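See below for query-v6.cif, which holds mmCIF, C-alpha atoms.
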data_target
#
loop_
_atom_site.label_atom_id
_atom_site.label_comp_id
_atom_site.auth_asym_id
_atom_site.auth_seq_id
_atom_site.Cartn_x
_atom_site.Cartn_y
_atom_site.Cartn_z
CA LYS D 1 13.88 6.10 8.21
CA VAL D 2 10.44 6.11 6.70
CA SER D 3 8.90 3.47 4.48
CA ALA D 4 5.83 3.47 2.29
CA LEU D 5 3.69 0.69 0.90
CA MET D 6 1.53 1.10 -2.18
CA LEU D 7 -0.94 -1.70 -2.64
CA ASP D 8 -4.00 -2.59 -4.57
CA LEU D 9 -6.55 -5.31 -4.85
CA ASP D 10 -5.62 -7.74 -7.62
CA HIS D 11 -8.02 -7.83 -10.58
CA PHE D 12 -10.33 -5.23 -9.05
CA LYS D 13 -11.82 -4.28 -12.43
CA ARG D 14 -12.73 -7.93 -12.98
CA ILE D 15 -14.45 -8.02 -9.57
CA ASN D 16 -16.54 -4.96 -10.47
CA ASP D 17 -17.32 -6.27 -13.97
CA ARG D 18 -18.30 -9.79 -12.88
CA HIS D 19 -19.97 -9.13 -9.55
CA GLY D 20 -20.99 -5.47 -9.66
CA HIS D 21 -19.80 -2.33 -7.97
CA PRO D 22 -21.51 -3.08 -4.63
CA VAL D 23 -19.37 -6.23 -4.29
CA GLY D 24 -16.31 -4.20 -5.31
CA ASP D 25 -17.13 -1.67 -2.60
CA VAL D 26 -17.40 -4.45 0.00
CA ALA D 27 -14.07 -5.88 -1.22
CA LEU D 28 -12.39 -2.49 -0.71
CA ALA D 29 -13.92 -2.15 2.75
CA GLU D 30 -12.69 -5.64 3.67
CA LEU D 31 -9.24 -4.76 2.36
CA ALA D 32 -9.16 -1.61 4.50
CA HIS D 33 -10.32 -3.57 7.54
CA ALA D 34 -7.58 -6.18 7.00
CA LEU D 35 -4.98 -3.40 6.77
CA GLN D 36 -6.16 -1.64 9.90
CA GLY D 37 -5.94 -4.86 11.87
CA GLN D 38 -2.27 -5.32 10.98
CA LEU D 39 -0.84 -1.82 11.42
CA ARG D 40 0.46 0.19 14.37
CA GLU D 41 -1.28 3.31 15.66
CA VAL D 42 1.52 5.51 14.27
CA ASP D 43 1.17 4.08 10.75
CA LEU D 44 -0.88 6.07 8.27
CA ILE D 45 -3.23 4.47 5.77
CA ALA D 46 -5.17 6.15 2.99
CA ARG D 47 -7.08 5.16 -0.09
CA TRP D 48 -4.89 6.57 -2.82
CA GLY D 49 -7.15 6.14 -5.82
CA GLY D 50 -9.37 3.45 -7.27
CA GLU D 51 -8.31 0.29 -5.53
CA GLU D 52 -4.90 1.60 -4.44
CA PHE D 53 -3.98 2.25 -0.83
CA LEU D 54 -0.93 4.05 0.57
CA VAL D 55 0.55 3.05 3.92
CA LEU D 56 3.21 5.21 5.58
CA LEU D 57 5.41 3.41 8.11
CA PRO D 58 7.40 5.86 10.30
CA ASP D 59 10.64 4.58 11.85
CA THR D 60 10.61 1.51 9.60
CA ASP D 61 13.61 0.36 7.58
CA ALA D 62 13.53 -1.66 4.35
CA ASP D 63 13.55 -5.03 6.12
CA GLY D 64 10.75 -3.94 8.43
CA ALA D 65 8.71 -2.62 5.50
CA GLU D 66 9.10 -5.90 3.66
CA ARG D 67 7.96 -7.84 6.75
CA VAL D 68 4.93 -5.56 7.20
CA ALA D 69 4.07 -5.82 3.49
CA GLU D 70 4.21 -9.61 3.57
CA ARG D 71 2.08 -9.68 6.74
CA LEU D 72 -0.48 -7.43 5.02
CA ARG D 73 -0.44 -9.57 1.87
CA LYS D 74 -1.17 -12.68 3.92
CA ALA D 75 -3.94 -10.96 5.89
CA ILE D 76 -5.60 -9.84 2.68
CA ALA D 77 -5.24 -13.32 1.14
CA ALA D 78 -7.09 -14.68 4.18
CA THR D 79 -9.95 -12.22 3.53
CA SER D 80 -13.02 -12.98 1.47
CA VAL D 81 -16.29 -11.37 0.50
CA SER D 82 -19.47 -13.37 0.99
CA MET D 83 -21.73 -13.57 -2.05
CA GLY D 84 -24.55 -15.79 -0.90
CA ARG D 85 -23.24 -19.36 -0.99
CA ARG D 86 -19.97 -18.35 -2.64
CA GLN D 87 -16.92 -16.60 -1.30
CA LEU D 88 -14.81 -14.18 -3.31
CA HIS D 89 -11.21 -14.56 -2.10
CA LEU D 90 -9.07 -11.45 -2.26
CA THR D 91 -5.40 -11.00 -3.07
CA SER D 92 -3.22 -7.94 -3.34
CA SER D 93 0.03 -6.77 -4.82
CA ILE D 94 2.25 -4.55 -2.69
CA GLY D 95 5.17 -2.28 -3.51
CA ALA D 96 7.47 -1.16 -0.71
CA ALA D 97 10.02 1.66 -0.65
CA THR D 98 12.25 3.08 2.05
CA LEU D 99 13.57 6.60 2.18
CA HIS D 100 17.10 7.13 3.47
CA GLY D 101 17.85 10.63 2.26
CA GLY D 102 19.21 12.66 -0.58
CA HIS D 103 16.23 14.98 -1.08
CA HIS D 104 16.25 18.72 -0.60
CA THR D 105 12.74 19.18 0.73
CA THR D 106 10.14 17.20 2.60
CA GLU D 107 7.79 17.48 -0.38
CA GLU D 108 10.47 16.16 -2.75
CA ALA D 109 11.28 13.30 -0.36
CA LEU D 110 7.62 12.35 -0.05
CA GLY D 111 7.15 12.46 -3.81
CA HIS D 112 10.11 10.16 -4.39
CA LEU D 113 9.06 7.77 -1.66
CA ILE D 114 5.52 7.41 -2.99
CA GLY D 115 6.71 7.22 -6.59
CA GLU D 116 9.17 4.45 -5.85
CA ALA D 117 6.60 2.49 -3.82
CA ASP D 118 4.30 2.81 -6.84
CA GLN D 119 7.07 1.52 -9.15
CA ALA D 120 7.57 -1.45 -6.85
CA LEU D 121 3.81 -2.11 -6.95
CA TYR D 122 4.01 -2.26 -10.75
CA VAL D 123 6.86 -4.80 -10.47
CA ALA D 124 4.80 -6.95 -8.06
CA LYS D 125 1.88 -6.95 -10.50
CA HIS D 126 4.15 -7.67 -13.45
CA ARG D 127 5.64 -10.66 -11.61
CA GLY D 128 2.25 -12.30 -11.24
CA ARG D 129 0.33 -10.46 -8.50
CA ASN D 130 -0.36 -11.56 -4.93
CA ARG D 131 3.21 -10.68 -4.02
CA VAL D 132 5.47 -8.03 -2.52
CA ALA D 133 8.18 -6.15 -4.41
CA CYS D 134 10.63 -3.81 -2.69
CA TYR D 135 12.40 -0.71 -3.94
CA GLU D 136 14.90 0.92 -1.63
CA CYS D 137 15.27 4.57 -2.51
CA GLY D 138 17.51 7.46 -1.58
CA SER D 139 21.13 7.74 -0.51
CA ASP D 140 22.99 8.12 2.76
CA SER D 141 22.90 11.92 2.80
CA ALA D 142 20.67 13.89 5.15
CA THR D 143 17.00 14.39 4.45
CA ALA D 144 14.06 16.10 6.08
CA PRO D 145 13.51 14.87 9.62
CA PRO D 146 11.04 11.94 9.76
CA ILE D 147 8.59 14.02 11.81
CA ALA D 148 8.47 16.63 9.05
CA LEU D 149 7.90 13.92 6.45
CA GLU D 150 5.17 12.37 8.57
CA THR D 151 3.48 15.78 8.98
CA GLU D 152 3.67 16.37 5.23
CA CYS D 153 2.21 12.92 4.61
CA ARG D 154 -0.65 13.51 7.01
CA HIS D 155 -1.43 16.77 5.21
CA LEU D 156 -1.25 15.11 1.79
CA LEU D 157 -3.47 12.23 2.86
CA LYS D 158 -6.09 14.62 4.23
CA THR D 159 -6.19 16.63 1.00
CA ARG D 160 -6.51 13.76 -1.49
#

What's the C-alpha coordinates form of this structure?
Amino acid sequence: KVSALMLDLDHFKRINDRHGHPVGDVALAELAHALQGQLREVDLIARWGGEEFLVLLPDTDADGAERVAERLRKAIAATSVSMGRRQLHLTSSIGAATLHGGHHTTEEALGHLIGEADQALYVAKHRGRNRVACYECGSDSATAPPIALETECRHLLKTR
(Lines of atoms letter the chains of each structure in order from A and count residues from 1; the text may use other names and numbers.)
(Lines give C-alpha, C1' and ligand atoms only; values in the text may rest on other atoms or scores of the structure.)
Protein backbone atom coordinates (compact mmCIF):
# COMPACT_ATOMS: atom_id res chain seq x y z
CA LYS A 1 0.00 0.00 0.00
CA VAL A 2 1.04 3.55 -0.68
CA SER A 3 -0.45 6.69 0.79
CA ALA A 4 -0.13 10.33 -0.15
CA LEU A 5 -0.69 13.53 1.77
CA MET A 6 -1.46 16.83 0.10
CA LEU A 7 -1.14 19.78 2.43
CA ASP A 8 -0.92 23.49 2.40
CA LEU A 9 -0.41 26.38 4.73
CA ASP A 10 -3.74 27.83 5.82
CA HIS A 11 -4.43 31.39 4.66
CA PHE A 12 -1.09 31.67 2.87
CA LYS A 13 -2.30 34.48 0.60
CA ARG A 14 -3.28 36.47 3.68
CA ILE A 15 0.21 35.94 5.14
CA ASN A 16 1.81 37.28 1.95
CA ASP A 17 -0.65 40.19 1.69
CA ARG A 18 -0.36 41.28 5.33
CA HIS A 19 3.28 40.57 6.07
CA GLY A 20 4.98 40.47 2.67
CA HIS A 21 6.45 37.75 0.52
CA PRO A 22 9.68 37.44 2.55
CA VAL A 23 7.62 36.40 5.60
CA GLY A 24 5.63 34.02 3.37
CA ASP A 25 8.89 32.48 2.16
CA VAL A 26 10.05 31.98 5.76
CA ALA A 27 6.67 30.41 6.61
CA LEU A 28 7.07 27.92 3.76
CA ALA A 29 10.62 27.10 4.85
CA GLU A 30 9.43 26.54 8.43
CA LEU A 31 6.62 24.33 7.14
CA ALA A 32 9.11 22.24 5.15
CA HIS A 33 11.40 21.98 8.16
CA ALA A 34 8.51 20.80 10.36
CA LEU A 35 7.61 18.16 7.78
CA GLN A 36 11.15 16.88 7.44
CA GLY A 37 11.43 16.46 11.18
CA GLN A 38 8.37 14.19 11.29
CA LEU A 39 8.91 11.89 8.30
CA ARG A 40 10.87 8.69 7.71
CA GLU A 41 13.85 8.52 5.36
CA VAL A 42 11.81 6.51 2.83
CA ASP A 43 9.04 9.12 2.68
CA LEU A 44 9.14 11.59 -0.18
CA ILE A 45 8.28 15.26 0.22
CA ALA A 46 8.00 17.89 -2.49
CA ARG A 47 6.64 21.37 -2.87
CA TRP A 48 3.76 20.80 -5.25
CA GLY A 49 2.85 24.37 -6.12
CA GLY A 50 2.33 27.63 -4.30
CA GLU A 51 1.95 26.66 -0.69
CA GLU A 52 1.04 23.03 -1.38
CA PHE A 53 3.28 20.11 -0.47
CA LEU A 54 2.98 16.46 -1.49
CA VAL A 55 4.17 13.69 0.81
CA LEU A 56 4.41 10.10 -0.43
CA LEU A 57 4.31 7.43 2.28
CA PRO A 58 5.42 4.01 0.97
CA ASP A 59 4.15 0.92 2.83
CA THR A 60 1.58 3.01 4.70
CA ASP A 61 -2.09 2.08 4.97
CA ALA A 62 -5.00 4.48 5.49
CA ASP A 63 -4.80 4.37 9.28
CA GLY A 64 -1.06 5.00 9.20
CA ALA A 65 -1.51 7.89 6.76
CA GLU A 66 -4.10 9.47 9.01
CA ARG A 67 -1.78 9.16 12.02
CA VAL A 68 1.13 10.69 10.08
CA ALA A 69 -1.10 13.50 8.78
CA GLU A 70 -2.32 14.35 12.27
CA ARG A 71 1.26 14.28 13.60
CA LEU A 72 2.31 16.66 10.80
CA ARG A 73 -0.67 18.95 11.46
CA LYS A 74 0.29 19.20 15.13
CA ALA A 75 3.96 19.83 14.33
CA ILE A 76 3.02 22.63 11.96
CA ALA A 77 0.59 24.12 14.51
CA ALA A 78 3.51 24.25 16.96
CA THR A 79 5.57 26.21 14.41
CA SER A 80 5.73 29.97 14.21
CA VAL A 81 7.56 32.66 12.29
CA SER A 82 9.25 35.41 14.27
CA MET A 83 8.38 38.94 13.17
CA GLY A 84 10.26 41.11 15.62
CA ARG A 85 8.27 41.07 18.86
CA ARG A 86 5.37 39.16 17.31
CA GLN A 87 5.01 35.54 16.31
CA LEU A 88 3.01 34.36 13.32
CA HIS A 89 1.55 30.96 14.22
CA LEU A 90 1.08 28.54 11.35
CA THR A 91 -1.62 25.98 10.67
CA SER A 92 -2.19 23.61 7.79
CA SER A 93 -4.91 21.57 6.18
CA ILE A 94 -4.04 18.05 5.05
CA GLY A 95 -5.72 15.61 2.70
CA ALA A 96 -4.77 11.93 2.86
CA ALA A 97 -5.41 9.15 0.35
CA THR A 98 -4.39 5.52 0.20
CA LEU A 99 -4.01 3.47 -2.93
CA HIS A 100 -5.09 -0.16 -2.84
CA GLY A 101 -5.32 -1.00 -6.51
CA GLY A 102 -7.58 -1.02 -9.50
CA HIS A 103 -5.37 0.99 -11.87
CA HIS A 104 -3.86 -0.28 -15.09
CA THR A 105 -0.59 1.61 -15.01
CA THR A 106 1.74 3.14 -12.48
CA GLU A 107 1.13 6.57 -14.00
CA GLU A 108 -2.65 6.14 -13.72
CA ALA A 109 -2.32 4.93 -10.12
CA LEU A 110 -0.14 7.87 -9.19
CA GLY A 111 -2.53 10.32 -10.83
CA HIS A 112 -5.49 8.92 -8.93
CA LEU A 113 -3.63 8.86 -5.64
CA ILE A 114 -2.52 12.48 -5.92
CA GLY A 115 -5.91 13.60 -7.21
CA GLU A 116 -7.76 11.99 -4.34
CA ALA A 117 -5.33 13.39 -1.75
CA ASP A 118 -5.99 16.80 -3.32
CA GLN A 119 -9.77 16.25 -3.06
CA ALA A 120 -9.35 15.36 0.61
CA LEU A 121 -7.31 18.55 1.11
CA TYR A 122 -10.22 20.55 -0.31
CA VAL A 123 -12.57 18.83 2.17
CA ALA A 124 -10.24 19.67 5.08
CA LYS A 125 -10.20 23.33 4.03
CA HIS A 126 -13.96 23.38 3.52
CA ARG A 127 -14.49 21.97 7.02
CA GLY A 128 -12.64 24.86 8.63
CA ARG A 129 -8.91 24.36 8.03
CA ASN A 130 -6.25 23.21 10.49
CA ARG A 131 -7.52 19.65 10.12
CA VAL A 132 -6.99 16.34 8.35
CA ALA A 133 -9.44 14.77 5.91
CA CYS A 134 -8.98 11.25 4.52
CA TYR A 135 -10.00 9.74 1.20
CA GLU A 136 -9.36 6.05 0.71
CA CYS A 137 -9.07 5.29 -2.98
CA GLY A 138 -8.89 2.25 -5.20
CA SER A 139 -10.25 -1.27 -4.96
CA ASP A 140 -8.92 -4.66 -3.94
CA SER A 141 -7.65 -5.62 -7.39
CA ALA A 142 -3.96 -5.70 -8.25
CA THR A 143 -2.04 -2.55 -9.05
CA ALA A 144 1.49 -1.60 -10.00
CA PRO A 145 3.99 -2.81 -7.43
CA PRO A 146 4.70 -0.17 -4.73
CA ILE A 147 8.35 0.06 -5.82
CA ALA A 148 7.24 1.01 -9.35
CA LEU A 149 4.87 3.62 -7.95
CA GLU A 150 7.60 4.99 -5.71
CA THR A 151 10.01 5.20 -8.67
CA GLU A 152 7.37 6.98 -10.75
CA CYS A 153 6.73 9.39 -7.88
CA ARG A 154 10.42 10.15 -7.48
CA HIS A 155 10.63 10.90 -11.21
CA LEU A 156 7.53 13.10 -11.09
CA LEU A 157 8.76 15.02 -8.06
CA LYS A 158 12.12 15.68 -9.72
CA THR A 159 10.48 17.03 -12.87
CA ARG A 160 7.98 19.43 -11.28

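Taking all atoms listed in the file into account, Glu30 of chain D lies nearest to D:Ile76 out of the set D:Ile76, D:Met6, D:Lys1, D:Leu110.
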
Inset, instruction - With the file shown as input, list the residues that the PyMOL selection byres ((chain D and resi 13-27) around 8) selects, as number ranges by chain. - result: D: 11-12, 28-31, 80-81, 90

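For the point (-2.5, 2.1, -2.8), the residues with at least one atom inside 8 Å, counting only C-alpha atoms, are Leu5, Met6, Leu7, Asp8, Ala46, Arg47, Trp48, Gly49, Glu51, Glu52, Phe53, Leu54, Val55 and Asp118 of chain D.
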
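One distance worth recording is that between atom CA of Ala75 of chain D and atom CA of Pro58 of chain D, which is 20.8 Å.
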
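When only C-alpha atoms are used to compute distances to Glu116 of chain D, the closest of the residues D:Val132, D:Leu39, D:Ala62, D:Leu99 turns out to be D:Leu99.
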
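Distance-wise, atom CA of Ser82 of chain D and atom CA of Ala124 of chain D end up 26.7 Å apart.
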
Which segment 10-42 of chain D residues have any atom within 12 Å of an atom of segment 63-71 of chain D, and for each, what is the nearest pair of atoms with distance in Å to one decimal, counting all atoms listed in the file, rows sorted by chain and number, as JSON lines?
{"residue": "D:Ala34", "atom": "CA", "partner": "D:Arg71", "partner_atom": "CA", "distance": 10.3}
{"residue": "D:Leu35", "atom": "CA", "partner": "D:Arg71", "partner_atom": "CA", "distance": 9.4}
{"residue": "D:Gln36", "atom": "CA", "partner": "D:Arg71", "partner_atom": "CA", "distance": 11.9}
{"residue": "D:Gly37", "atom": "CA", "partner": "D:Arg71", "partner_atom": "CA", "distance": 10.7}
{"residue": "D:Gln38", "atom": "CA", "partner": "D:Arg71", "partner_atom": "CA", "distance": 7.5}
{"residue": "D:Leu39", "atom": "CA", "partner": "D:Val68", "partner_atom": "CA", "distance": 8.1}
{"residue": "D:Arg40", "atom": "CA", "partner": "D:Val68", "partner_atom": "CA", "distance": 10.2}

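The shortest atom-to-atom distance to Val123 of chain D, with all atoms listed in the file taken into account, belongs to D:Ala96 out of D:Val42, D:Ala96, D:Ala109, D:Leu9.
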
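Reported to one decimal place, the separation of atom CA of Asp59 of chain D from atom CA of Ala120 of chain D is 19.9 Å.
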
Inset, instruction - Using the chain letters and numbers from the file, give me the residues hit by the PyMOL selection byres ((chain D and resi 98) around 8), as number ranges by chain. - result: D: 1-4, 60-62, 65, 96-97, 99-100, 113, 135-138

On this file, the PyMOL selection byres ((chain D and resi 127-130) around 6) gives some set of residues; write that set as a CSV table (one decimal) with C-alpha atoms, keeping the file's coordinate frame.
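Result went into out_19.csv, see below:
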chain,number,residue,atom,x,y,z
D,91,THR,CA,-5.4,-11.0,-3.1
D,92,SER,CA,-3.2,-7.9,-3.3
D,93,SER,CA,0.0,-6.8,-4.8
D,124,ALA,CA,4.8,-7.0,-8.1
D,125,LYS,CA,1.9,-7.0,-10.5
D,126,HIS,CA,4.2,-7.7,-13.4
D,131,ARG,CA,3.2,-10.7,-4.0
